[in-house]
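Q: One file is attached below, work-v3.pdb, containing PDB, C-alpha atoms.
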```
MODEL        1
ATOM      1  CA  MET A1215      12.819 -15.420 -12.599  1.00  0.00           C
ATOM      2  CA  LYS A1216      11.414 -13.333 -15.476  1.00  0.00           C
ATOM      3  CA  GLY A1217       8.539 -12.075 -13.317  1.00  0.00           C
ATOM      4  CA  ILE A1218      10.928 -11.074 -10.548  1.00  0.00           C
ATOM      5  CA  ILE A1219      13.124  -9.107 -12.965  1.00  0.00           C
ATOM      6  CA  GLU A1220      10.043  -7.316 -14.369  1.00  0.00           C
ATOM      7  CA  ALA A1221       8.913  -6.351 -10.852  1.00  0.00           C
ATOM      8  CA  MET A1222      12.412  -5.153  -9.961  1.00  0.00           C
ATOM      9  CA  ALA A1223      12.448  -3.001 -13.104  1.00  0.00           C
ATOM     10  CA  LEU A1224       9.176  -1.373 -11.981  1.00  0.00           C
ATOM     11  CA  SER A1225      10.308  -0.870  -8.405  1.00  0.00           C
ATOM     12  CA  PRO A1226      11.555   2.583  -7.358  1.00  0.00           C
ATOM     13  CA  LEU A1227      14.093   0.745  -5.177  1.00  0.00           C
ATOM     14  CA  PHE A1228      15.963  -0.287  -8.328  1.00  0.00           C
ATOM     15  CA  SER A1229      15.396   2.851 -10.373  1.00  0.00           C
ATOM     16  CA  GLY A1230      18.393   3.673 -12.585  1.00  0.00           C
ATOM     17  CA  LEU A1231      19.756   0.126 -12.712  1.00  0.00           C
ATOM     18  CA  GLU A1232      20.410  -1.684 -15.968  1.00  0.00           C
ATOM     19  CA  LEU A1233      18.665  -4.943 -16.820  1.00  0.00           C
ATOM     20  CA  SER A1234      21.961  -6.801 -16.506  1.00  0.00           C
ATOM     21  CA  GLU A1235      22.434  -5.394 -12.990  1.00  0.00           C
ATOM     22  CA  LEU A1236      18.931  -6.484 -11.971  1.00  0.00           C
ATOM     23  CA  GLU A1237      19.591  -9.984 -13.291  1.00  0.00           C
ATOM     24  CA  GLU A1238      22.887 -10.091 -11.411  1.00  0.00           C
ATOM     25  CA  LEU A1239      21.203  -9.097  -8.140  1.00  0.00           C
ATOM     26  CA  ALA A1240      18.400 -11.632  -8.603  1.00  0.00           C
ATOM     27  CA  VAL A1241      20.914 -14.431  -9.130  1.00  0.00           C
ATOM     28  CA  ARG A1242      23.235 -13.259  -6.335  1.00  0.00           C
ATOM     29  CA  PHE A1243      20.391 -13.204  -3.790  1.00  0.00           C
ATOM     30  CA  HIS A1244      18.829 -16.463  -5.058  1.00  0.00           C
ATOM     31  CA  LEU A1245      15.443 -14.756  -5.344  1.00  0.00           C
ATOM     32  CA  SER A1246      12.427 -17.020  -5.679  1.00  0.00           C
ATOM     33  CA  LEU A1247       8.667 -16.554  -5.810  1.00  0.00           C
ATOM     34  CA  ARG A1248       6.228 -17.316  -3.041  1.00  0.00           C
ATOM     35  CA  THR A1249       2.544 -17.479  -3.950  1.00  0.00           C
ATOM     36  CA  TYR A1250      -0.257 -16.373  -1.622  1.00  0.00           C
ATOM     37  CA  GLU A1251      -3.984 -16.800  -2.113  1.00  0.00           C
ATOM     38  CA  ARG A1252      -6.516 -14.075  -1.303  1.00  0.00           C
ATOM     39  CA  GLY A1253      -6.831 -13.550   2.455  1.00  0.00           C
ATOM     40  CA  GLU A1254      -3.555 -15.334   3.200  1.00  0.00           C
ATOM     41  CA  LEU A1255      -1.035 -13.562   5.413  1.00  0.00           C
ATOM     42  CA  VAL A1256       2.274 -12.769   3.741  1.00  0.00           C
ATOM     43  CA  ILE A1257       3.878 -11.350   6.882  1.00  0.00           C
ATOM     44  CA  CYS A1258       2.457 -11.592  10.397  1.00  0.00           C
ATOM     45  CA  GLN A1259       2.295  -8.923  13.073  1.00  0.00           C
ATOM     46  CA  GLY A1260       4.657  -9.750  15.936  1.00  0.00           C
ATOM     47  CA  GLU A1261       7.029 -11.890  13.883  1.00  0.00           C
ATOM     48  CA  LYS A1262      10.510 -11.008  12.625  1.00  0.00           C
ATOM     49  CA  ALA A1263      10.856  -9.816   9.024  1.00  0.00           C
ATOM     50  CA  LYS A1264      11.642 -12.309   6.268  1.00  0.00           C
ATOM     51  CA  GLY A1265      13.397  -9.593   4.260  1.00  0.00           C
ATOM     52  CA  ILE A1266      12.334  -6.686   2.091  1.00  0.00           C
ATOM     53  CA  GLY A1267       9.166  -7.803   0.354  1.00  0.00           C
ATOM     54  CA  LEU A1268       8.809  -7.166  -3.390  1.00  0.00           C
ATOM     55  CA  VAL A1269       5.358  -7.601  -4.936  1.00  0.00           C
ATOM     56  CA  VAL A1270       5.811  -9.485  -8.208  1.00  0.00           C
ATOM     57  CA  SER A1271       2.095  -9.777  -8.997  1.00  0.00           C
ATOM     58  CA  GLY A1272      -1.235  -9.135  -7.306  1.00  0.00           C
ATOM     59  CA  ARG A1273      -1.942  -6.726  -4.456  1.00  0.00           C
ATOM     60  CA  LEU A1274      -1.408  -6.733  -0.692  1.00  0.00           C
ATOM     61  CA  HIS A1275      -2.933  -4.706   2.111  1.00  0.00           C
ATOM     62  CA  ILE A1276      -0.681  -3.621   4.949  1.00  0.00           C
ATOM     63  CA  VAL A1277      -2.824  -3.885   8.069  1.00  0.00           C
ATOM     64  CA  ARG A1278      -2.631  -3.489  11.836  1.00  0.00           C
ATOM     65  CA  ASP A1279      -4.834  -5.425  14.273  1.00  0.00           C
ATOM     66  CA  ASP A1280      -5.338  -4.692  17.959  1.00  0.00           C
ATOM     67  CA  PHE A1281      -5.935  -7.360  20.623  1.00  0.00           C
ATOM     68  CA  LEU A1282      -9.714  -6.894  20.326  1.00  0.00           C
ATOM     69  CA  GLY A1283      -9.626  -7.803  16.643  1.00  0.00           C
ATOM     70  CA  ASN A1284     -10.120  -4.289  15.277  1.00  0.00           C
ATOM     71  CA  ARG A1285      -8.377  -3.868  11.954  1.00  0.00           C
ATOM     72  CA  GLU A1286      -6.894  -0.799  10.272  1.00  0.00           C
ATOM     73  CA  ILE A1287      -5.660  -0.839   6.676  1.00  0.00           C
ATOM     74  CA  LEU A1288      -2.569   1.349   6.522  1.00  0.00           C
ATOM     75  CA  THR A1289      -1.848   1.169   2.807  1.00  0.00           C
ATOM     76  CA  GLU A1290      -1.759  -1.143  -0.209  1.00  0.00           C
ATOM     77  CA  VAL A1291       1.131  -2.390  -2.322  1.00  0.00           C
ATOM     78  CA  GLU A1292       1.049  -3.688  -5.888  1.00  0.00           C
ATOM     79  CA  LYS A1293       3.454  -5.025  -8.525  1.00  0.00           C
ATOM     80  CA  GLY A1294       6.857  -3.390  -8.208  1.00  0.00           C
ATOM     81  CA  ASP A1295       6.190  -2.009  -4.711  1.00  0.00           C
ATOM     82  CA  ILE A1296       8.271  -3.005  -1.716  1.00  0.00           C
ATOM     83  CA  PHE A1297       7.092  -3.491   1.861  1.00  0.00           C
ATOM     84  CA  ASP A1298       8.438  -4.357   5.316  1.00  0.00           C
ATOM     85  CA  GLU A1299      11.727  -2.627   4.524  1.00  0.00           C
ATOM     86  CA  VAL A1300      11.967  -0.954   7.935  1.00  0.00           C
ATOM     87  CA  PHE A1301      11.675  -4.218   9.865  1.00  0.00           C
ATOM     88  CA  ALA A1302      13.991  -5.990   7.410  1.00  0.00           C
ATOM     89  CA  VAL A1303      16.674  -3.454   8.298  1.00  0.00           C
ATOM     90  CA  LEU A1304      15.846  -3.464  12.030  1.00  0.00           C
ATOM     91  CA  ARG A1305      16.066  -7.236  12.198  1.00  0.00           C
ATOM     92  CA  GLU A1306      15.537  -7.605  15.944  1.00  0.00           C
ATOM     93  CA  GLU A1307      12.415  -5.428  15.982  1.00  0.00           C
ATOM     94  CA  PRO A1308       9.157  -7.436  15.755  1.00  0.00           C
ATOM     95  CA  GLN A1309       6.764  -6.237  13.066  1.00  0.00           C
ATOM     96  CA  ASN A1310       3.828  -4.114  14.208  1.00  0.00           C
ATOM     97  CA  VAL A1311       1.903  -4.741  10.962  1.00  0.00           C
ATOM     98  CA  SER A1312       0.772  -7.639   8.797  1.00  0.00           C
ATOM     99  CA  ALA A1313       0.527  -7.951   5.024  1.00  0.00           C
ATOM    100  CA  GLU A1314      -2.494  -9.763   3.612  1.00  0.00           C
ATOM    101  CA  ALA A1315      -3.071 -10.787   0.002  1.00  0.00           C
ATOM    102  CA  ASP A1316      -6.055  -8.910  -1.440  1.00  0.00           C
ATOM    103  CA  ARG A1317      -5.972 -11.264  -4.419  1.00  0.00           C
ATOM    104  CA  ARG A1318      -3.736 -14.107  -5.572  1.00  0.00           C
ATOM    105  CA  SER A1319      -0.267 -12.599  -5.310  1.00  0.00           C
ATOM    106  CA  GLU A1320       3.386 -13.457  -5.830  1.00  0.00           C
ATOM    107  CA  VAL A1321       6.121 -12.069  -3.607  1.00  0.00           C
ATOM    108  CA  ALA A1322       9.916 -12.267  -3.457  1.00  0.00           C
ATOM    109  CA  PHE A1323      11.957 -11.374  -0.367  1.00  0.00           C
ATOM    110  CA  LEU A1324      15.236  -9.466  -0.660  1.00  0.00           C
ATOM    111  CA  PRO A1325      17.969  -9.815   1.997  1.00  0.00           C
ATOM    112  CA  ALA A1326      18.372  -6.314   3.443  1.00  0.00           C
ATOM    113  CA  GLU A1327      21.816  -6.850   4.932  1.00  0.00           C
ATOM    114  CA  GLU A1328      23.322  -7.965   1.634  1.00  0.00           C
ATOM    115  CA  LEU A1329      21.424  -5.406  -0.411  1.00  0.00           C
ATOM    116  CA  PHE A1330      22.867  -2.491   1.552  1.00  0.00           C
ATOM    117  CA  SER A1331      26.349  -3.837   2.154  1.00  0.00           C
ATOM    118  CA  ALA A1332      29.672  -3.504   0.375  1.00  0.00           C
ATOM    119  CA  SER A1333      29.187  -7.056  -0.908  1.00  0.00           C
ATOM    120  CA  ILE A1334      27.190  -5.565  -3.771  1.00  0.00           C
ATOM    121  CA  LYS A1335      29.508  -5.391  -6.722  1.00  0.00           C
ATOM    122  CA  GLY A1336      30.424  -1.786  -7.444  1.00  0.00           C
ATOM    123  CA  GLU A1337      30.208   1.325  -5.289  1.00  0.00           C
ATOM    124  CA  LYS A1338      27.991   3.048  -7.863  1.00  0.00           C
ATOM    125  CA  LEU A1339      25.378   0.290  -7.644  1.00  0.00           C
ATOM    126  CA  LEU A1340      25.407   0.378  -3.844  1.00  0.00           C
ATOM    127  CA  LEU A1341      24.984   4.157  -3.771  1.00  0.00           C
ATOM    128  CA  GLN A1342      22.150   3.975  -6.313  1.00  0.00           C
ATOM    129  CA  VAL A1343      20.172   1.391  -4.335  1.00  0.00           C
ATOM    130  CA  THR A1344      20.791   3.180  -1.030  1.00  0.00           C
ATOM    131  CA  GLY A1345      19.704   6.517  -2.483  1.00  0.00           C
ATOM    132  CA  ASN A1346      16.596   4.911  -3.935  1.00  0.00           C
ATOM    133  CA  MET A1347      15.706   3.491  -0.524  1.00  0.00           C
ATOM    134  CA  PHE A1348      15.816   6.947   1.046  1.00  0.00           C
ATOM    135  CA  ARG A1349      13.404   8.163  -1.630  1.00  0.00           C
ATOM    136  CA  VAL A1350      11.050   5.197  -1.128  1.00  0.00           C
ATOM    137  CA  MET A1351      10.945   5.794   2.612  1.00  0.00           C
ATOM    138  CA  ALA A1352      10.321   9.516   2.104  1.00  0.00           C
ATOM    139  CA  GLU A1353       7.419   8.781  -0.255  1.00  0.00           C
ATOM    140  CA  LYS A1354       5.899   6.313   2.212  1.00  0.00           C
ATOM    141  CA  ASN A1355       6.212   8.866   4.976  1.00  0.00           C
ATOM    142  CA  LEU A1356       4.308  11.309   2.767  1.00  0.00           C
ATOM    143  CA  LEU A1357       1.547   8.737   2.185  1.00  0.00           C
ATOM    144  CA  LEU A1358       1.188   8.146   5.915  1.00  0.00           C
ATOM    145  CA  THR A1359       1.087  11.899   6.513  1.00  0.00           C
ATOM    146  CA  ARG A1360      -1.741  12.196   3.994  1.00  0.00           C
ATOM    147  CA  LYS A1361      -3.613   9.357   5.669  1.00  0.00           C
ATOM    148  CA  MET A1362      -3.251  11.052   9.044  1.00  0.00           C
ATOM    149  CA  ALA A1363      -4.860  14.111   7.465  1.00  0.00           C
ATOM    150  CA  HIS A1364      -7.924  11.959   6.633  1.00  0.00           C
ATOM    151  CA  LEU A1365      -8.061  10.370  10.080  1.00  0.00           C
ATOM    152  CA  SER A1366      -7.739  13.715  11.866  1.00  0.00           C
ATOM    153  CA  ARG A1367     -11.103  14.865  10.476  1.00  0.00           C
ATOM    154  CA  ARG A1368     -13.847  14.870  13.068  1.00  0.00           C
ATOM    155  CA  THR A1369     -16.757  13.244  11.225  1.00  0.00           C
ATOM    156  CA  ILE A1370     -17.090  10.322   8.826  1.00  0.00           C
ATOM    157  CA  ARG A1371     -18.239  12.699   6.094  1.00  0.00           C
ATOM    158  CA  GLU A1372     -15.171  14.869   6.563  1.00  0.00           C
ATOM    159  CA  LYS A1373     -12.935  11.782   6.447  1.00  0.00           C
ATOM    160  CA  LEU A1374     -14.593  10.627   3.219  1.00  0.00           C
ATOM    161  CA  ILE A1375     -14.378  14.060   1.597  1.00  0.00           C
ATOM    162  CA  SER A1376     -10.709  14.283   2.535  1.00  0.00           C
ATOM    163  CA  TYR A1377      -9.983  10.818   1.115  1.00  0.00           C
ATOM    164  CA  PHE A1378     -12.028  11.321  -2.066  1.00  0.00           C
ATOM    165  CA  SER A1379     -10.381  14.717  -2.627  1.00  0.00           C
ATOM    166  CA  GLU A1380      -6.935  13.136  -2.354  1.00  0.00           C
ATOM    167  CA  GLU A1381      -7.874  10.365  -4.793  1.00  0.00           C
ATOM    168  CA  SER A1382      -9.452  12.855  -7.208  1.00  0.00           C
ATOM    169  CA  SER A1383      -6.262  14.909  -7.207  1.00  0.00           C
ATOM    170  CA  ARG A1384      -4.093  11.814  -7.637  1.00  0.00           C
ATOM    171  CA  GLN A1385      -6.213  10.376 -10.468  1.00  0.00           C
ATOM    172  CA  GLY A1386      -6.784  13.774 -12.115  1.00  0.00           C
ATOM    173  CA  SER A1387     -10.544  13.321 -12.373  1.00  0.00           C
ATOM    174  CA  PHE A1388     -13.779  13.711 -10.432  1.00  0.00           C
ATOM    175  CA  THR A1389     -14.621  10.160 -11.505  1.00  0.00           C
ATOM    176  CA  ILE A1390     -12.455   7.808  -9.495  1.00  0.00           C
ATOM    177  CA  ASP A1391     -11.951   4.163  -8.657  1.00  0.00           C
ATOM    178  CA  ILE A1392     -10.796   3.305  -5.170  1.00  0.00           C
ATOM    179  CA  PRO A1393      -8.924   0.082  -4.268  1.00  0.00           C
ATOM    180  CA  PHE A1394     -11.172  -0.804  -1.316  1.00  0.00           C
ATOM    181  CA  ASN A1395     -14.515  -2.497  -0.783  1.00  0.00           C
ATOM    182  CA  ARG A1396     -16.781  -1.107   1.965  1.00  0.00           C
ATOM    183  CA  GLN A1397     -15.204  -3.041   4.819  1.00  0.00           C
ATOM    184  CA  GLN A1398     -11.706  -2.203   3.644  1.00  0.00           C
ATOM    185  CA  LEU A1399     -12.583   1.490   3.283  1.00  0.00           C
ATOM    186  CA  ALA A1400     -14.015   1.461   6.808  1.00  0.00           C
ATOM    187  CA  ASP A1401     -10.831  -0.182   8.077  1.00  0.00           C
ATOM    188  CA  TYR A1402      -8.690   2.359   6.223  1.00  0.00           C
ATOM    189  CA  LEU A1403     -10.563   5.321   7.702  1.00  0.00           C
ATOM    190  CA  ALA A1404     -10.915   3.651  11.126  1.00  0.00           C
ATOM    191  CA  VAL A1405     -14.715   3.826  11.258  1.00  0.00           C
ATOM    192  CA  GLU A1406     -17.568   1.328  11.567  1.00  0.00           C
ATOM    193  CA  ARG A1407     -18.719  -0.192   8.291  1.00  0.00           C
ATOM    194  CA  SER A1408     -22.439   0.372   8.983  1.00  0.00           C
ATOM    195  CA  ALA A1409     -21.818   4.036   9.865  1.00  0.00           C
ATOM    196  CA  LEU A1410     -19.692   4.443   6.735  1.00  0.00           C
ATOM    197  CA  SER A1411     -22.410   2.962   4.524  1.00  0.00           C
ATOM    198  CA  ARG A1412     -25.041   5.264   6.044  1.00  0.00           C
ATOM    199  CA  GLU A1413     -22.878   8.317   5.465  1.00  0.00           C
ATOM    200  CA  LEU A1414     -22.194   7.340   1.845  1.00  0.00           C
ATOM    201  CA  SER A1415     -25.952   7.055   1.316  1.00  0.00           C
ATOM    202  CA  ARG A1416     -26.506  10.490   2.856  1.00  0.00           C
ATOM    203  CA  MET A1417     -23.796  12.015   0.672  1.00  0.00           C
ATOM    204  CA  ARG A1418     -25.491  10.517  -2.380  1.00  0.00           C
ATOM    205  CA  GLU A1419     -28.867  11.885  -1.262  1.00  0.00           C
ATOM    206  CA  ASP A1420     -27.247  15.304  -0.772  1.00  0.00           C
ATOM    207  CA  GLY A1421     -25.975  15.208  -4.356  1.00  0.00           C
ATOM    208  CA  LEU A1422     -22.295  15.115  -3.399  1.00  0.00           C
ATOM    209  CA  ILE A1423     -21.465  11.740  -4.921  1.00  0.00           C
ATOM    210  CA  ARG A1424     -22.723   8.878  -7.006  1.00  0.00           C
ATOM    211  CA  TYR A1425     -21.237   5.431  -6.758  1.00  0.00           C
ATOM    212  CA  ARG A1426     -21.446   1.808  -7.729  1.00  0.00           C
ATOM    213  CA  LYS A1427     -19.223  -0.521  -5.754  1.00  0.00           C
ATOM    214  CA  ASN A1428     -15.773   1.141  -5.773  1.00  0.00           C
ATOM    215  CA  HIS A1429     -16.476   3.527  -8.687  1.00  0.00           C
ATOM    216  CA  PHE A1430     -17.338   7.071  -7.561  1.00  0.00           C
ATOM    217  CA  THR A1431     -18.316  10.329  -9.248  1.00  0.00           C
ATOM    218  CA  LEU A1432     -17.768  13.464  -7.172  1.00  0.00           C
ATOM    219  CA  TYR A1433     -19.905  16.581  -7.566  1.00  0.00           C
ATOM    220  CA  HIS A1434     -17.647  19.221  -6.075  1.00  0.00           C
ATOM    221  CA  HIS A1435     -19.744  22.154  -7.283  1.00  0.00           C
ATOM    222  CA  ARG A1436     -22.897  21.174  -5.403  1.00  0.00           C
ATOM    223  CA  GLU A1437     -24.024  22.569  -2.080  1.00  0.00           C
ATOM    224  CA  ARG A1438     -25.020  20.231   0.711  1.00  0.00           C
TER     225      ARG A1438
ENDMDL
END
```
As structure tokens, what does this structure read like?

A:
Amino acid sequence: MKGIIEAMALSPLFSGLELSELEELAVRFHLSLRTYERGELVICQGEKAKGIGLVVSGRLHIVRDDFLGNREILTEVEKGDIFDEVFAVLREEPQNVSAEADRRSEVAFLPAEELFSASIKGEKLLLQVTGNMFRVMAEKNLLLTRKMAHLSRRTIREKLISYFSEESSRQGSFTIDIPFNRQQLADYLAVERSALSRELSRMREDGLIRYRKNHFTLYHHRER
């Protein structure tokens, strides 16, 4: 239970709540941990939601697969992040995404109906959680908008420059670490892995970047 409370305290969904209120919610909803090994599916595309997922430890990738087996990584979630909230609220709507453990991870599922109902003790607490949810959904919408900006670029190089620029701005440095390996980065940008690797090599040859695994240095002042 301690790990769940710590994750709740980190989660923007529960921002502004006291420790005693978090403990009360955890007990009221009978929250428990589920452990997933790397590569294991936490939620499956096409199934109904188990509830609002809360990452207690580890990291998950939210992915979408088409019927040909092509995979796109939509985003990642780590400790304190929530996922599947939309489908937990729209209970009859089958999920159009999956969540896969990128490493050994622990997850708790929150009952959406109870969380956003008058059964929560105190109107103030209900309003706080509901307001936090609006903010979480707005932030996720912004992240998806930014991703669409990457995907709308015409060439792989332009997609990479757009993504690296966003990460550089977010991390406040021209030396960045990205959360993806090569296949995952290709899935995220919706390109072929071999073509992505070739373009990264060309960008290095052109003096635009240096990299080792997922650690990159960007040379913004250089000409191609």

Q: Which residue is closest to Val1405 of chain A? Choose from A:Ala1221, A:Met1347, A:Ile1287, A:Leu1233 and count only C-alpha atoms.

A: A:Ile1287

Q: Kindly resolve the PyMOL selection byres ((chain A and resi 1326) around 8) on the present coordinates and return the residues as a ChimeraX atom specification.

A: /A:1265-1266,1299,1302-1303,1324-1325,1327-1330

Q: Could you state which residues are captured by the PyMOL selection byres ((chain A and resi 1409-1426) around 12) in this file, as a PyMOL selection string?

A: chain A and resi 1369-1375+1378-1379+1388-1392+1395-1408+1427-1438

Q: Quick one: distance from atom CA of Glu1292 of chain A to atom CA of Gly1267 of chain A in Å, one decimal?

A: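 Pair atom CA of Glu1292 of chain A / atom CA of Gly1267 of chain A returns 11.0 Å.
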
Q: When you draw a straight line from atom CA of Ile1218 of chain A to atom CA of Val1270 of chain A, how long is it in Å?

A: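 Between atom CA of Ile1218 of chain A and atom CA of Val1270 of chain A the gap is 5.8 Å.
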
Q: With all atoms listed in the file as the basis for distance, which of A:Ile1219, A:Ala1363, A:Val1343, A:Val1300 is at the shortest distance from Ala1263 of chain A?

A: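 Smallest distance to Ala1263 of chain A is found for A:Val1300.
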
Q: Could you jot down the atom CA of Val1321 of chain A to atom CA of Ser1271 of chain A separation for me, Å, one decimal place?

A: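 That distance, rounded to one decimal, is 7.1 Å.
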
Q: Find the residues around Leu1339 of chain A up to 12 Å (only C-alpha atoms counted), leave out those fewer than 6 positions away in its own chain, and share them as a PyMOL selection string.

A: chain A and resi 1227-1232+1234-1236+1238-1239+1329-1333+1345-1346

Q: Pick out the residues sitting within 9 Å of segment 1247-1250 of chain A, and hand them over as a PyMOL selection string; count all atoms listed in the file, and ignore anything fewer than 6 positions along from it in its own chain.

A: chain A and resi 1215+1217-1218+1256+1270+1314-1315+1317-1323

Q: Write out the residues from the selection above, keeping C-alpha atoms, as a PDB file, in the coordinates of the input.

A:
```pdb
ATOM      1  CA  MET A1215      12.819 -15.420 -12.599  1.00  0.00           C
ATOM      2  CA  GLY A1217       8.539 -12.075 -13.317  1.00  0.00           C
ATOM      3  CA  ILE A1218      10.928 -11.074 -10.548  1.00  0.00           C
ATOM      4  CA  VAL A1256       2.274 -12.769   3.741  1.00  0.00           C
ATOM      5  CA  VAL A1270       5.811  -9.485  -8.208  1.00  0.00           C
ATOM      6  CA  GLU A1314      -2.494  -9.763   3.612  1.00  0.00           C
ATOM      7  CA  ALA A1315      -3.071 -10.787   0.002  1.00  0.00           C
ATOM      8  CA  ARG A1317      -5.972 -11.264  -4.419  1.00  0.00           C
ATOM      9  CA  ARG A1318      -3.736 -14.107  -5.572  1.00  0.00           C
ATOM     10  CA  SER A1319      -0.267 -12.599  -5.310  1.00  0.00           C
ATOM     11  CA  GLU A1320       3.386 -13.457  -5.830  1.00  0.00           C
ATOM     12  CA  VAL A1321       6.121 -12.069  -3.607  1.00  0.00           C
ATOM     13  CA  ALA A1322       9.916 -12.267  -3.457  1.00  0.00           C
ATOM     14  CA  PHE A1323      11.957 -11.374  -0.367  1.00  0.00           C
TER      15      PHE A1323
END
```

Q: Here is a test: counting all atoms listed in the file, which residue of A:Arg1285, A:Arg1278, A:Lys1293, A:Arg1273 is nearest to Ala1223 of chain A?

A: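 Closest to Ala1223 of chain A of all the choices is A:Lys1293.
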
Q: What residues come out when you apply the PyMOL selection byres ((chain A and resi 1279-1282) around 9) to this file, written as a CSV table (one decimal) with C-alpha atoms, in the coordinates of the input?

A:
```
chain,number,residue,atom,x,y,z
A,1259,GLN,CA,2.3,-8.9,13.1
A,1277,VAL,CA,-2.8,-3.9,8.1
A,1278,ARG,CA,-2.6,-3.5,11.8
A,1283,GLY,CA,-9.6,-7.8,16.6
A,1284,ASN,CA,-10.1,-4.3,15.3
A,1285,ARG,CA,-8.4,-3.9,12.0
A,1286,GLU,CA,-6.9,-0.8,10.3
A,1287,ILE,CA,-5.7,-0.8,6.7
A,1310,ASN,CA,3.8,-4.1,14.2
A,1311,VAL,CA,1.9,-4.7,11.0
A,1312,SER,CA,0.8,-7.6,8.8
```

Q: Using only C-alpha atoms, pick whichever of A:Thr1344, A:Val1291, A:Pro1308, A:Leu1224 has the shortest atom-to-atom distance to Cys1258 of chain A.

A: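 Of A:Thr1344, A:Val1291, A:Pro1308, A:Leu1224, the one nearest Cys1258 of chain A is A:Pro1308, counting only C-alpha atoms.
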
Q: Taking N, CA and C atoms as the atom set, what does segment 1401-1413 of chain A look like once completed, written as a PDB file, in the coordinates of the input?

A:
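Once written, out15.pdb looks like this:
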```pdb
ATOM      1  N   ASP A1401     -12.069   0.118   7.353  1.00  0.00           N
ATOM      2  CA  ASP A1401     -10.831  -0.182   8.077  1.00  0.00           C
ATOM      3  C   ASP A1401      -9.774   0.890   7.819  1.00  0.00           C
ATOM      4  N   TYR A1402      -9.695   1.350   6.578  1.00  0.00           N
ATOM      5  CA  TYR A1402      -8.690   2.359   6.223  1.00  0.00           C
ATOM      6  C   TYR A1402      -8.939   3.680   6.952  1.00  0.00           C
ATOM      7  N   LEU A1403     -10.214   4.051   7.063  1.00  0.00           N
ATOM      8  CA  LEU A1403     -10.563   5.321   7.702  1.00  0.00           C
ATOM      9  C   LEU A1403     -10.856   5.165   9.199  1.00  0.00           C
ATOM     10  N   ALA A1404     -10.729   3.934   9.702  1.00  0.00           N
ATOM     11  CA  ALA A1404     -10.915   3.651  11.126  1.00  0.00           C
ATOM     12  C   ALA A1404     -12.309   4.040  11.618  1.00  0.00           C
ATOM     13  N   VAL A1405     -13.326   3.585  10.873  1.00  0.00           N
ATOM     14  CA  VAL A1405     -14.715   3.826  11.258  1.00  0.00           C
ATOM     15  C   VAL A1405     -15.498   2.525  11.131  1.00  0.00           C
ATOM     16  N   GLU A1406     -16.709   2.504  11.679  1.00  0.00           N
ATOM     17  CA  GLU A1406     -17.568   1.328  11.567  1.00  0.00           C
ATOM     18  C   GLU A1406     -18.141   1.226  10.159  1.00  0.00           C
ATOM     19  N   ARG A1407     -18.224   0.002   9.654  1.00  0.00           N
ATOM     20  CA  ARG A1407     -18.719  -0.192   8.291  1.00  0.00           C
ATOM     21  C   ARG A1407     -20.156   0.294   8.136  1.00  0.00           C
ATOM     22  N   SER A1408     -21.032  -0.030   9.096  1.00  0.00           N
ATOM     23  CA  SER A1408     -22.439   0.372   8.983  1.00  0.00           C
ATOM     24  C   SER A1408     -22.574   1.894   8.978  1.00  0.00           C
ATOM     25  N   ALA A1409     -21.778   2.573   9.824  1.00  0.00           N
ATOM     26  CA  ALA A1409     -21.818   4.036   9.865  1.00  0.00           C
ATOM     27  C   ALA A1409     -21.274   4.623   8.567  1.00  0.00           C
ATOM     28  N   LEU A1410     -20.246   3.994   8.015  1.00  0.00           N
ATOM     29  CA  LEU A1410     -19.692   4.443   6.735  1.00  0.00           C
ATOM     30  C   LEU A1410     -20.728   4.317   5.621  1.00  0.00           C
ATOM     31  N   SER A1411     -21.400   3.183   5.567  1.00  0.00           N
ATOM     32  CA  SER A1411     -22.410   2.962   4.524  1.00  0.00           C
ATOM     33  C   SER A1411     -23.548   3.972   4.632  1.00  0.00           C
ATOM     34  N   ARG A1412     -23.975   4.274   5.859  1.00  0.00           N
ATOM     35  CA  ARG A1412     -25.041   5.264   6.044  1.00  0.00           C
ATOM     36  C   ARG A1412     -24.599   6.641   5.563  1.00  0.00           C
ATOM     37  N   GLU A1413     -23.361   6.993   5.865  1.00  0.00           N
ATOM     38  CA  GLU A1413     -22.878   8.317   5.465  1.00  0.00           C
ATOM     39  C   GLU A1413     -22.723   8.412   3.949  1.00  0.00           C
TER      40      GLU A1413
END
```
